[in-house]
Structure formats: structure tokens, C-alpha cells
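Report on the structure given below.
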Amino acid sequence: MSQNIKFVQGNEACVAGALYAGLQFFAGYPITPSSEVAELLAARLPTQGGKFIQMEDELSSICAIIGASLTGHKVMTATSGPGFSLMQEALGYAIMAEIPCVIVNVQRGGPSTGIPTQVSQGDVMQARWGVHGDHSMVALTASNHQDVFLMTVEAFNIAETYRTPVVLLFDEVIGHMREKLVVPQEGEVQLVGRLHTSVKGGVDYHPYLPREDGRLPMSDFGGVHRYNVTGLYHDMWGFPSSDPKVVHGLIRHLVDKIENRANLLAHYKEYFLEDADRVLVSYGAPARSALHVVKNRRARGERLGLLELQTLWPFPTDIVREKCARAKAVVVVEMNMGQMLQEVKKAVEKPEQVFLANRIDGVFITPTDIQNILRLIQGKGV
Amino acid sequence: MAVKDYIRERFFPHMWCPGCGHGIVLNSLLRAVEQLGMSKNEIVMVSGIGCSSRIGGYVDFHTLHTLHGRALAFATGVKLSRPELNVVVPMGDGDALAIGGNHFIHACRRNIGMTAIVMNNRIYGMTGGQFSPMSGLGISASTAPYSNIDRAFDVSEMARAAGATFVARTTVYHAQQATEFIKKAFLHEGFAVVEILSQCPTHFGRRNRQGGAADMMEWFKENTVPVGSKKKLENPALIERGIFVQKEEPEYCSEYAKIVDKAMRG
Ligand SMILES: Cc1ncc(C[n+]2csc(CCOP(=O)(O)OP(=O)(O)O)c2C)c(N)n1
Ligand code: SF4
């Protein structure tokens, strides 16, 4: 058992989760604060017969993992803001062509080169809307290393189940901080493997015809079924089509397969919400400070609670509405100018009671920062 | 098998304009596959975006139609994850050398085993005749209405300099030679580049008063010479055809297999 307890950085917890989930192929380009993911995988993947390649940029990194996914492998890339910007076109391709893959973005301050070594959560909306065109997106996050591990495994499971890219939106504090990680035993966490078609060679196979349960069994490139994969609108064989019925059917399928499962895909944690009259909503590293405040105030008899989101996209609207229903005030704690604040406002019945506790200066948000906002909205001053 | 066994007949007639050179490249490619007796299941064709890249729709292989400029990057993932597959990457000149230039250089440098076919018509066909990095000085294009001042480079020279271990050039006029070069490229262990000069009568030909497709092909005949020919010394403007590079160097996937061995031994 003891060898399963580690003291690691969040980036390493992510690597451990990916390997546990069955990662076989990684392509990437170095960028702070995500580089450790690439470095660790360069060392570990070949020990298990997996493949690592450092590409010439992030454009090619995400393209390479999509290619490797098509031959039947579990794949991942890791980057930060500038690289994530470069990946957007191919991320849209993975959505359109329904290729399972995992993209890690360890966020730093932006825009542009921004502040490479400091923390931010400024890419939340980019993760949702960075890709052009109507689409849906799955993005997960975590506030501690155990959850980084679990959410990484979950990212692979979702990617395989729904044939979709999944973004892991971590942040610099989580990526670089060291804390305990207990790596689960084999079989302890459920894994979803590639769903292969049972259609025999020589029989017409439809790579883009969903089964009754909505899943699309795949056939590996190099296998017995030869078909076409394209970023153009396409029919059930994968061939380009501009037939309005086909176009409509495909975009609805791509969006509905995610949005209709928002509750199923929603991972979250709740602390002291049963009787809370004020609710903090947070995610990623800031949720640690939020939890600290909640525990501290509870000890003084205040009815404060925390809703920690782990699924950011699709936004868990129903859950946020339900958990905040009895709150007199909701405070969104995040490290950007209020990107999730807007989503929470849209979700709750009384948006005027939703406030923002944030920091945008590269410094990690402290319990005092949050406490000050709580006092302000109560009219107590700082 | 006959050539027609390698195509997806239901997608014909193809989308290319009458007289477009890209169809000849398709023909040369299929003959190479047929003559080598390759199995359809072991071939993956990865293409980008452009008229040239539509070639993937017509062949009965595993076909991956990707993004403008990124075909070689997708192909690298396919090849490294399953090195036993034969990967062929047809690209337009804009696709391969403008937006995809960086990937082209690095695929050559890495010497990863695949065949890149540059269908060089010196213009952006699909988007309506804008100049490409291959157009060269003095050419008329929809974005160079006063004559082009944007200098060209030689694809084959560039591929050689970047480290490709097989580099050859021919034209669609020399379709049989194209087949021979593609066959050699398929059999080559490493990154192989076959540049095939192709004509776009619709945009390049029309704007530059080169006549119809037949006249443009005639131009390829008149203006190219076998590599090492004396005529080239007398007239440096002539374009050389032939195999420029063919050498053995460690191939990327084979080298990675050694890394895996080493890592597994601990
Ligand atoms: C990122 C991006 N930029 C621009 C385009 C538009 N585009 C499509 S094809 C093309 C150029 C095609 O020229 P070439 O690659 O030489 O191939 P050809 O059509 O001549 O065969 C361009 C600019 C695109 N699809 N994607
Ligand atoms: S526009 Fe030019 S390159 Fe495109 S199909 Fe027509 S002739 Fe060929």
C-alpha cells in the first residue's frame, strides 16, 4: 500500500491519473506552468510501451494526438493559455469529427504571454467558446491533488464514452503546489475503454451513426473498416455533405449529446449547504480558500456554505440553481473578472444577489479577500 | 487488383475543374499502389484543405481530411502510434508550404516514415487564385493584381535542407515518372517528399495567359529537364526533374522503438 502514497505537484497528479486511465500517446510543446506534464510523460510513457513526442508547436501537438486517437489509443496533450489559443481550430476538429482526446490547460495570467508563473482562471470562457461555430464543450477542474487525479481519469472516461474532446482546466497553484496523493489500486476507479464496433469486415460500417444509447462505436484506422474522417459536415459514413437535413442533424447531435447530459456530467462537492443562508460558489484552487473561510465562519456560528464545481462545462445550471435556492446571497469566488459569475447569475432565481470575490493580479486569492467581500455585501465594510 | 478497385466510385465525378492536374496525380498515385500490390487496409491517407486535399475523398483507404496546413501533424500522430501503417500525405503548395511550412520542415527533420506529395500548382486554387509561396515573381494572382513581388523558394531544395531522406520532383506531364517516384517514396524508410508540378487552368492558367490545360502541360514538358542535364547549365531557368535525395538515415518510429526498449529495461 505504502508505495501508492505520493507527495507530488498537481501536474504529477494529473500524469498519474492519465496513466491510470490508460494514456498511451502524448504530444506536446513546453510551456509554463504545464511543462512538468510533458517531462514526466517523456520519462514514463515509454516504460509502459506508450509514446511521447515533442512537436514543433501546440498546433501540431493537438493534431498529432487526434491522429493517434484514430488508431485506437488514449491520448492527451498539455499546455497553458498561449498554447491553448493555438489549439482552438483543432479542438473544433475533434468536436466535429468526434475524436476522443484530453487537453490539459494549466492556466496562467493572460491575455497574450501574460504572466507565465502566476495563477489565473482567465481561460474559463475560452474553454467554452474559444472554438468557432456553435458547439458544446466538456471542461473539468479540481482543487486538490486527489481530485486532480480523479478528474483526469473522468476526463478520459467522458472522452471515450461520448467521443468528444475533454478539457482539464487546472491552474498554476494546483499545477505546482505539492501535496499528498493516494494513487488508487487497479480496479478501484472505473475506467471506460474504447468502444469498438462489432460490425465485421466487409459489412457496411457507419462510423457516424449513433447507437440507441447515443454512443458511436469506433473502428481503428488500420483496421478492417475504411472510412473518411473530416472537419466538414458529414453523413453517417463520414463523407462531406451540405444537405441541410444532414447539417442540422449533425450539429444537433454534437450539441445535444453533451447538453442533454449536463446533470449526468456534473461533478461537484458541497460543504455545509443544508442550512446555509450564504453560499460560496468556487472551483479550482480558489475553492481551497473558500472552504477555509466557510469552516472558519461555521466555527463562529455563521451559516455559510460552499458549492465547489468540478464540471465547469456543460455548466451545471440545475445543480447551481437548486443548491443556491435558499441563499440570501451567493458569492462566486474565482481568479478572473467574473467569468463564472455570469453563469451563476443566469442559473439562479435572484441574480441581483450574486456577488464576485476575485483577484486578477496574479496573487492567489486568500480567505481574507473573500472575508472582505462577505463583509462588504453585508454592509459592514472591510 | 485494378486501379478502379482502389477508388470510391460513388463519389465520382470528382469535384476538380476540367483539365485540373490534380486528377493526374490521383491516377499516378493509384498506379503506384497497384503496382506495389499494397493492401487498402494498411494505407492511411491524411490530407489538409484545398482542391488537392480533396483527393482523400476518392480513394478507398483510411482517409483523414484535416485542417489547412496541418496534415503532416495529424499524420505524425497516426504514424507514431501505429508505425506499421503506410501513411501518405497529399498537400497543395499553400497547404504544405505556407500555413503548413513549419510542420513540413519538422517532418523532414524528424525523418518520420511517410510520403508527402506536394501537388504544386503555384496558386491557391480552392479559394480563387490568390498567390502562393510557390507562385514566384511576376505572376498574376487575385491578390497580386499588379504582378507578384513575393519571392518563391524551391520545395525540393527546402526539403533537402530540412533533412528529408528522399526528395524527388516531376510533373503531371510525366505521369509515369510520377508513379515511379511515388513507388520509391512508399518503399523508402523515412520521410519522403515527391513534388509534382500540377496545373490549375482555372486560376493560374487563365490569369497568366498560359492557355488551357494541354498548353500548361506542354509548358511542363518544355520547361523541365532531367536532373544533371546539360541543358540546365545553358538555361538556368529550366526546372530539374528527378530524384535529388535518396539516403538511409535513422527513421523516427524505429528510433522511438529503441527508446521504449531502453525505458522498459529500466
Ligand atoms: C486556417 C485556414 N485558413 C485559410 C483557409 C482557406 N483556404 C482553404 S484552401 C486554401 C488554399 C489552397 O491552396 P493550396 O493549398 O495551394 O491547394 P489547391 O487548392 O491549389 O490545390 C485556403 C487559403 C482555411 N481553410 N483554413
Ligand atoms: S480551381 Fe484549380 S486547383 Fe482547384 S480544381 Fe479547379 S483547376 Fe484544380
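Letters for chains follow the order of the C-alpha cells (A, B, ...), residue numbers begin at 1 for each chain, and ligand numbers begin at 1 in the order shown.
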Excluding Lys4 (chain B) and any residue of its chain fewer than 3 positions from it, enumerate the residues within 12 Å of it, using only C-alpha atoms, and give them as a ChimeraX atom specification.
/B:1,7-10,12,26-27,30-31,33-34,58-60
Using only C-alpha atoms, please write the residues we just selected to a file, as a PDB file, in the first residue's frame.
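The result, written out as selection.pdb:
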```
ATOM      1  CA  MET B   1      -6.420  -5.618 -58.378  1.00  0.00           C
ATOM      2  CA  ILE B   7     -11.308   4.239 -55.620  1.00  0.00           C
ATOM      3  CA  ARG B   8     -14.674   5.077 -54.090  1.00  0.00           C
ATOM      4  CA  GLU B   9     -16.653   5.073 -57.279  1.00  0.00           C
ATOM      5  CA  ARG B  10     -19.782   6.540 -55.787  1.00  0.00           C
ATOM      6  CA  PHE B  12     -17.288  10.344 -58.932  1.00  0.00           C
ATOM      7  CA  LEU B  26      -4.526  10.702 -58.249  1.00  0.00           C
ATOM      8  CA  ASN B  27      -4.028   8.421 -61.218  1.00  0.00           C
ATOM      9  CA  LEU B  30      -3.204   4.708 -57.589  1.00  0.00           C
ATOM     10  CA  ARG B  31      -0.957   3.078 -60.172  1.00  0.00           C
ATOM     11  CA  VAL B  33      -0.283   1.474 -55.039  1.00  0.00           C
ATOM     12  CA  GLU B  34      -1.489  -1.090 -57.539  1.00  0.00           C
ATOM     13  CA  TYR B  58     -11.874   9.444 -53.798  1.00  0.00           C
ATOM     14  CA  VAL B  59      -9.546   6.711 -52.577  1.00  0.00           C
ATOM     15  CA  ASP B  60     -10.696   3.594 -50.752  1.00  0.00           C
TER      16      ASP B  60
END
```
Test item: chain A residues at most 8 Å from chain B, counting only C-alpha atoms, as an NGL selection string
:A and (25 or 43 or 46-51 or 56 or 59-61 or 63-71 or 73 or 90 or 93 or 221-231 or 239)
Environment of ligand 2 within 8 Å, counting only C-alpha atoms and all ligand atoms, reported as a PyMOL selection string:
chain B and resi 15-22+50-52+121+123-129+199-204
Using only C-alpha atoms, which residues sit within 8 Å of region 362-379 of chain A once same-chain residues fewer than 4 positions away are excluded, as a ChimeraX atom specification?
/A:109,115,118-120,173,286,289-290,292-293,331,333,335,355-358
Name the residues in contact with region 299-308 of chain A at a cut-off of 12 Å, using only C-alpha atoms, excluding same-chain residues fewer than 3 positions from it; report them as a PyMOL selection string.
chain A and resi 140-144+147+266-296+311-312+316+319-324+326-334+344+371+374
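Among the candidates B:Glu180, B:Pro83, B:Ile196, B:Gly138, the one nearest to ligand 1 when counting only C-alpha atoms and all ligand atoms is B:Ile196.
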Residues within 8 Å of Trp237 (chain A), please, as a PyMOL selection string. Count only C-alpha atoms; anything in the same chain fewer than 6 positions from it doesn't count.
chain A and resi 205-209+227-228
From a backbone DSSP assignment, name each residue in region 156-204 of chain B labelled alpha helix (DSSP H), as a PyMOL selection string.
chain B and resi 156-162+175-187
Requested write-out: all heavy atoms of the selected residues, as a compact mmCIF listing (two decimals), in the first residue's frame:
```txt
# COMPACT_ATOMS: atom_id res chain seq x y z
N SER B 156 11.87 21.35 -53.27
CA SER B 156 12.76 20.21 -53.15
C SER B 156 14.05 20.59 -52.44
O SER B 156 14.57 19.84 -51.61
CB SER B 156 13.04 19.62 -54.53
OG SER B 156 11.85 19.05 -55.04
N GLU B 157 14.58 21.79 -52.75
CA GLU B 157 15.78 22.28 -52.06
C GLU B 157 15.53 22.41 -50.57
O GLU B 157 16.35 22.07 -49.73
CB GLU B 157 16.16 23.67 -52.62
CG GLU B 157 16.98 23.63 -53.88
CD GLU B 157 18.28 22.85 -53.67
OE1 GLU B 157 19.01 23.14 -52.71
OE2 GLU B 157 18.53 21.92 -54.47
N MET B 158 14.34 22.93 -50.27
CA MET B 158 13.98 23.15 -48.88
C MET B 158 13.87 21.82 -48.14
O MET B 158 14.36 21.67 -47.03
CB MET B 158 12.64 23.88 -48.83
CG MET B 158 12.57 25.00 -47.85
SD MET B 158 11.95 24.44 -46.32
CE MET B 158 10.32 23.98 -46.85
N ALA B 159 13.25 20.86 -48.80
CA ALA B 159 13.08 19.54 -48.18
C ALA B 159 14.44 18.91 -47.91
O ALA B 159 14.69 18.33 -46.86
CB ALA B 159 12.24 18.64 -49.08
N ARG B 160 15.34 19.07 -48.87
CA ARG B 160 16.69 18.53 -48.71
C ARG B 160 17.38 19.20 -47.52
O ARG B 160 17.93 18.54 -46.64
CB ARG B 160 17.50 18.78 -49.99
CG ARG B 160 18.96 18.32 -49.89
CD ARG B 160 19.90 19.22 -50.69
NE ARG B 160 19.63 19.24 -52.13
CZ ARG B 160 20.20 18.42 -53.01
NH1 ARG B 160 21.05 17.51 -52.60
NH2 ARG B 160 19.92 18.52 -54.29
N ALA B 161 17.31 20.52 -47.50
CA ALA B 161 17.98 21.27 -46.43
C ALA B 161 17.41 20.91 -45.06
O ALA B 161 18.13 20.86 -44.07
CB ALA B 161 17.85 22.77 -46.68
N ALA B 162 16.11 20.64 -45.02
CA ALA B 162 15.47 20.35 -43.73
C ALA B 162 15.72 18.90 -43.29
O ALA B 162 15.40 18.54 -42.17
CB ALA B 162 13.98 20.63 -43.80
N ALA B 175 3.54 11.58 -66.05
CA ALA B 175 2.73 10.83 -65.10
C ALA B 175 3.37 9.48 -64.72
O ALA B 175 3.26 9.04 -63.58
CB ALA B 175 1.33 10.61 -65.65
N GLN B 176 4.04 8.85 -65.70
CA GLN B 176 4.65 7.55 -65.38
C GLN B 176 5.83 7.72 -64.43
O GLN B 176 6.04 6.91 -63.53
CB GLN B 176 5.09 6.84 -66.65
CG GLN B 176 3.90 6.22 -67.35
CD GLN B 176 4.27 5.60 -68.67
OE1 GLN B 176 5.40 5.71 -69.15
NE2 GLN B 176 3.29 4.96 -69.29
N GLN B 177 6.56 8.81 -64.67
CA GLN B 177 7.66 9.09 -63.76
C GLN B 177 7.12 9.37 -62.36
O GLN B 177 7.70 8.94 -61.35
CB GLN B 177 8.46 10.31 -64.26
CG GLN B 177 9.71 10.55 -63.45
CD GLN B 177 10.59 11.64 -64.04
OE1 GLN B 177 10.11 12.73 -64.37
NE2 GLN B 177 11.87 11.34 -64.21
N ALA B 178 5.99 10.06 -62.30
CA ALA B 178 5.36 10.33 -61.00
C ALA B 178 5.05 9.01 -60.30
O ALA B 178 5.33 8.85 -59.10
CB ALA B 178 4.09 11.16 -61.19
N THR B 179 4.51 8.06 -61.04
CA THR B 179 4.22 6.75 -60.45
C THR B 179 5.50 6.10 -59.92
O THR B 179 5.53 5.58 -58.81
CB THR B 179 3.55 5.83 -61.49
OG1 THR B 179 2.31 6.42 -61.86
CG2 THR B 179 3.31 4.44 -60.93
N GLU B 180 6.55 6.15 -60.72
CA GLU B 180 7.83 5.55 -60.29
C GLU B 180 8.33 6.21 -59.00
O GLU B 180 8.77 5.53 -58.07
CB GLU B 180 8.91 5.71 -61.39
CG GLU B 180 8.69 4.80 -62.60
CD GLU B 180 8.44 3.35 -62.21
OE1 GLU B 180 9.22 2.81 -61.39
OE2 GLU B 180 7.45 2.75 -62.71
N PHE B 181 8.26 7.53 -58.95
CA PHE B 181 8.76 8.25 -57.77
C PHE B 181 7.91 7.94 -56.53
O PHE B 181 8.42 7.78 -55.43
CB PHE B 181 8.81 9.76 -58.02
CG PHE B 181 9.89 10.19 -58.99
CD1 PHE B 181 9.99 11.52 -59.42
CD2 PHE B 181 10.83 9.27 -59.46
CE1 PHE B 181 10.98 11.91 -60.30
CE2 PHE B 181 11.83 9.66 -60.35
CZ PHE B 181 11.90 10.99 -60.78
N ILE B 182 6.62 7.86 -56.74
CA ILE B 182 5.74 7.58 -55.59
C ILE B 182 6.02 6.16 -55.08
O ILE B 182 6.07 5.91 -53.88
CB ILE B 182 4.25 7.77 -55.97
CG1 ILE B 182 3.97 9.26 -56.26
CG2 ILE B 182 3.34 7.29 -54.82
CD1 ILE B 182 2.60 9.54 -56.85
N LYS B 183 6.24 5.23 -56.00
CA LYS B 183 6.58 3.86 -55.58
C LYS B 183 7.85 3.85 -54.74
O LYS B 183 7.91 3.23 -53.68
CB LYS B 183 6.78 2.97 -56.82
CG LYS B 183 5.50 2.29 -57.26
CD LYS B 183 5.56 1.78 -58.68
CE LYS B 183 6.60 0.73 -58.95
NZ LYS B 183 6.56 0.32 -60.38
N LYS B 184 8.86 4.57 -55.23
CA LYS B 184 10.13 4.62 -54.48
C LYS B 184 9.92 5.27 -53.11
O LYS B 184 10.49 4.85 -52.11
CB LYS B 184 11.17 5.41 -55.28
CG LYS B 184 11.66 4.67 -56.52
CD LYS B 184 13.05 5.15 -56.91
CE LYS B 184 13.74 4.19 -57.86
NZ LYS B 184 13.24 4.26 -59.26
N ALA B 185 9.08 6.30 -53.11
CA ALA B 185 8.80 7.00 -51.85
C ALA B 185 8.11 6.06 -50.87
O ALA B 185 8.45 6.02 -49.69
CB ALA B 185 7.94 8.24 -52.11
N PHE B 186 7.14 5.28 -51.36
CA PHE B 186 6.43 4.33 -50.49
C PHE B 186 7.39 3.31 -49.89
O PHE B 186 7.25 2.90 -48.75
CB PHE B 186 5.35 3.58 -51.28
CG PHE B 186 4.05 4.33 -51.40
CD1 PHE B 186 3.25 4.16 -52.53
CD2 PHE B 186 3.61 5.19 -50.40
CE1 PHE B 186 2.03 4.83 -52.65
CE2 PHE B 186 2.40 5.86 -50.52
CZ PHE B 186 1.62 5.69 -51.64
N LEU B 187 8.36 2.89 -50.69
CA LEU B 187 9.28 1.85 -50.23
C LEU B 187 10.39 2.42 -49.35
O LEU B 187 11.11 1.69 -48.68
CB LEU B 187 9.89 1.12 -51.44
CG LEU B 187 8.88 0.34 -52.29
CD1 LEU B 187 9.55 -0.22 -53.55
CD2 LEU B 187 8.25 -0.79 -51.48
```
Restricting the calculation to only C-alpha atoms and all ligand atoms: of A:Val247, A:Val189, A:Ala78, A:Leu86, which residue gets closest to ligand 1?
A:Leu86
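In this structure, CA of Leu265 (chain A) sits 19.8 Å away from CA of Asp134 (chain A).
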Between atom 11 (C, counted along the ligand's line) of ligand 1 and CA of Asn120 (chain B), what is the distance in Å, rounded to a tenth?
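Computed distance, atom 11 (C, counted along the ligand's line) of ligand 1 to CA of Asn120 (chain B), equals 11.5 Å.
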Give me, as a PyMOL selection string, the residues of region 47-224 of chain B that a backbone DSSP run labels strand (DSSP E).
chain B and resi 47+62-65+86-92+114-120+123-124+130-131+166-171+191-197+224
Restricting it to N, CA and C atoms, dump the selection as an mmCIF file, in the first residue's frame.
```cif
data_model
loop_
_atom_site.group_PDB
_atom_site.id
_atom_site.type_symbol
_atom_site.label_atom_id
_atom_site.label_comp_id
_atom_site.auth_asym_id
_atom_site.auth_seq_id
_atom_site.Cartn_x
_atom_site.Cartn_y
_atom_site.Cartn_z
ATOM 1 N N SER B 47 -4.919 14.235 -45.452
ATOM 2 C CA SER B 47 -4.806 15.439 -46.277
ATOM 3 C C SER B 47 -5.270 16.651 -45.504
ATOM 4 N N HIS B 62 -7.999 4.258 -45.579
ATOM 5 C CA HIS B 62 -8.409 5.009 -44.393
ATOM 6 C C HIS B 62 -8.089 6.463 -44.715
ATOM 7 N N THR B 63 -9.078 7.335 -44.684
ATOM 8 C CA THR B 63 -8.794 8.704 -45.120
ATOM 9 C C THR B 63 -9.143 9.722 -44.039
ATOM 10 N N LEU B 64 -8.196 10.617 -43.806
ATOM 11 C CA LEU B 64 -8.329 11.627 -42.757
ATOM 12 C C LEU B 64 -8.160 12.993 -43.412
ATOM 13 N N HIS B 65 -9.271 13.696 -43.527
ATOM 14 C CA HIS B 65 -9.297 15.011 -44.176
ATOM 15 C C HIS B 65 -9.269 16.025 -43.046
ATOM 16 N N ASN B 86 1.119 2.406 -43.663
ATOM 17 C CA ASN B 86 1.708 3.247 -44.712
ATOM 18 C C ASN B 86 0.941 4.553 -44.748
ATOM 19 N N VAL B 87 1.637 5.642 -44.479
ATOM 20 C CA VAL B 87 0.967 6.936 -44.400
ATOM 21 C C VAL B 87 1.375 7.792 -45.593
ATOM 22 N N VAL B 88 0.376 8.287 -46.301
ATOM 23 C CA VAL B 88 0.648 9.151 -47.449
ATOM 24 C C VAL B 88 -0.102 10.465 -47.262
ATOM 25 N N VAL B 89 0.604 11.554 -47.524
ATOM 26 C CA VAL B 89 0.055 12.882 -47.216
ATOM 27 C C VAL B 89 0.111 13.788 -48.443
ATOM 28 N N PRO B 90 -0.979 13.831 -49.227
ATOM 29 C CA PRO B 90 -1.004 14.745 -50.359
ATOM 30 C C PRO B 90 -1.369 16.154 -49.893
ATOM 31 N N MET B 91 -0.654 17.145 -50.419
ATOM 32 C CA MET B 91 -0.906 18.527 -49.977
ATOM 33 C C MET B 91 -0.793 19.484 -51.153
ATOM 34 N N GLY B 92 -1.530 20.570 -51.097
ATOM 35 C CA GLY B 92 -1.342 21.655 -52.046
ATOM 36 C C GLY B 92 -0.089 22.424 -51.654
ATOM 37 N N MET B 114 6.963 8.494 -43.840
ATOM 38 C CA MET B 114 5.700 8.718 -44.560
ATOM 39 C C MET B 114 6.029 9.384 -45.886
ATOM 40 N N THR B 115 5.051 9.407 -46.777
ATOM 41 C CA THR B 115 5.249 10.010 -48.091
ATOM 42 C C THR B 115 4.432 11.283 -48.212
ATOM 43 N N ALA B 116 5.135 12.392 -48.395
ATOM 44 C CA ALA B 116 4.446 13.666 -48.609
ATOM 45 C C ALA B 116 4.434 13.954 -50.103
ATOM 46 N N ILE B 117 3.249 14.207 -50.641
ATOM 47 C CA ILE B 117 3.156 14.544 -52.063
ATOM 48 C C ILE B 117 2.713 15.996 -52.166
ATOM 49 N N VAL B 118 3.585 16.834 -52.696
ATOM 50 C CA VAL B 118 3.225 18.246 -52.845
ATOM 51 C C VAL B 118 2.680 18.451 -54.254
ATOM 52 N N MET B 119 1.388 18.726 -54.334
ATOM 53 C CA MET B 119 0.734 18.950 -55.621
ATOM 54 C C MET B 119 0.860 20.443 -55.911
ATOM 55 N N ASN B 120 1.971 20.787 -56.573
ATOM 56 C CA ASN B 120 2.362 22.195 -56.684
ATOM 57 C C ASN B 120 1.796 22.848 -57.945
ATOM 58 N N ILE B 123 -0.483 28.140 -56.940
ATOM 59 C CA ILE B 123 -1.611 29.063 -56.708
ATOM 60 C C ILE B 123 -2.526 28.466 -55.643
ATOM 61 N N TYR B 124 -3.336 29.311 -55.022
ATOM 62 C CA TYR B 124 -4.394 28.809 -54.145
ATOM 63 C C TYR B 124 -5.618 28.576 -55.018
ATOM 64 N N GLN B 130 -5.520 33.155 -55.331
ATOM 65 C CA GLN B 130 -4.565 34.032 -54.658
ATOM 66 C C GLN B 130 -3.157 33.450 -54.835
ATOM 67 N N PHE B 131 -2.114 34.307 -54.719
ATOM 68 C CA PHE B 131 -0.768 33.765 -54.932
ATOM 69 C C PHE B 131 -0.355 32.884 -53.758
ATOM 70 N N PHE B 166 14.340 11.316 -48.726
ATOM 71 C CA PHE B 166 14.020 11.023 -50.126
ATOM 72 C C PHE B 166 13.336 12.262 -50.681
ATOM 73 N N VAL B 167 13.879 12.816 -51.760
ATOM 74 C CA VAL B 167 13.275 14.004 -52.360
ATOM 75 C C VAL B 167 13.300 13.842 -53.872
ATOM 76 N N ALA B 168 12.125 13.968 -54.480
ATOM 77 C CA ALA B 168 12.053 13.849 -55.932
ATOM 78 C C ALA B 168 11.052 14.855 -56.476
ATOM 79 N N ARG B 169 11.242 15.217 -57.754
ATOM 80 C CA ARG B 169 10.301 16.146 -58.387
ATOM 81 C C ARG B 169 9.986 15.682 -59.793
ATOM 82 N N THR B 170 8.723 15.823 -60.146
ATOM 83 C CA THR B 170 8.334 15.601 -61.541
ATOM 84 C C THR B 170 7.092 16.444 -61.826
ATOM 85 N N THR B 171 6.427 16.163 -62.911
ATOM 86 C CA THR B 171 5.244 16.966 -63.255
ATOM 87 C C THR B 171 4.120 16.031 -63.692
ATOM 88 N N PHE B 191 11.304 9.954 -44.204
ATOM 89 C CA PHE B 191 10.386 10.959 -44.739
ATOM 90 C C PHE B 191 10.691 11.212 -46.210
ATOM 91 N N ALA B 192 9.705 10.956 -47.056
ATOM 92 C CA ALA B 192 9.890 11.096 -48.498
ATOM 93 C C ALA B 192 9.020 12.223 -49.034
ATOM 94 N N VAL B 193 9.620 13.065 -49.859
ATOM 95 C CA VAL B 193 8.872 14.162 -50.476
ATOM 96 C C VAL B 193 8.856 13.954 -51.984
ATOM 97 N N VAL B 194 7.668 13.934 -52.558
ATOM 98 C CA VAL B 194 7.553 13.913 -54.014
ATOM 99 C C VAL B 194 6.804 15.178 -54.416
ATOM 100 N N GLU B 195 7.519 16.062 -55.089
ATOM 101 C CA GLU B 195 6.879 17.287 -55.580
ATOM 102 C C GLU B 195 6.402 17.032 -56.997
ATOM 103 N N ILE B 196 5.128 17.269 -57.234
ATOM 104 C CA ILE B 196 4.585 17.075 -58.580
ATOM 105 C C ILE B 196 3.989 18.398 -59.061
ATOM 106 N N LEU B 197 4.621 18.977 -60.097
ATOM 107 C CA LEU B 197 4.062 20.208 -60.647
ATOM 108 C C LEU B 197 2.743 19.868 -61.325
ATOM 109 N N THR B 224 11.072 21.663 -68.255
ATOM 110 C CA THR B 224 11.740 20.827 -67.252
ATOM 111 C C THR B 224 12.741 19.914 -67.948
#
```
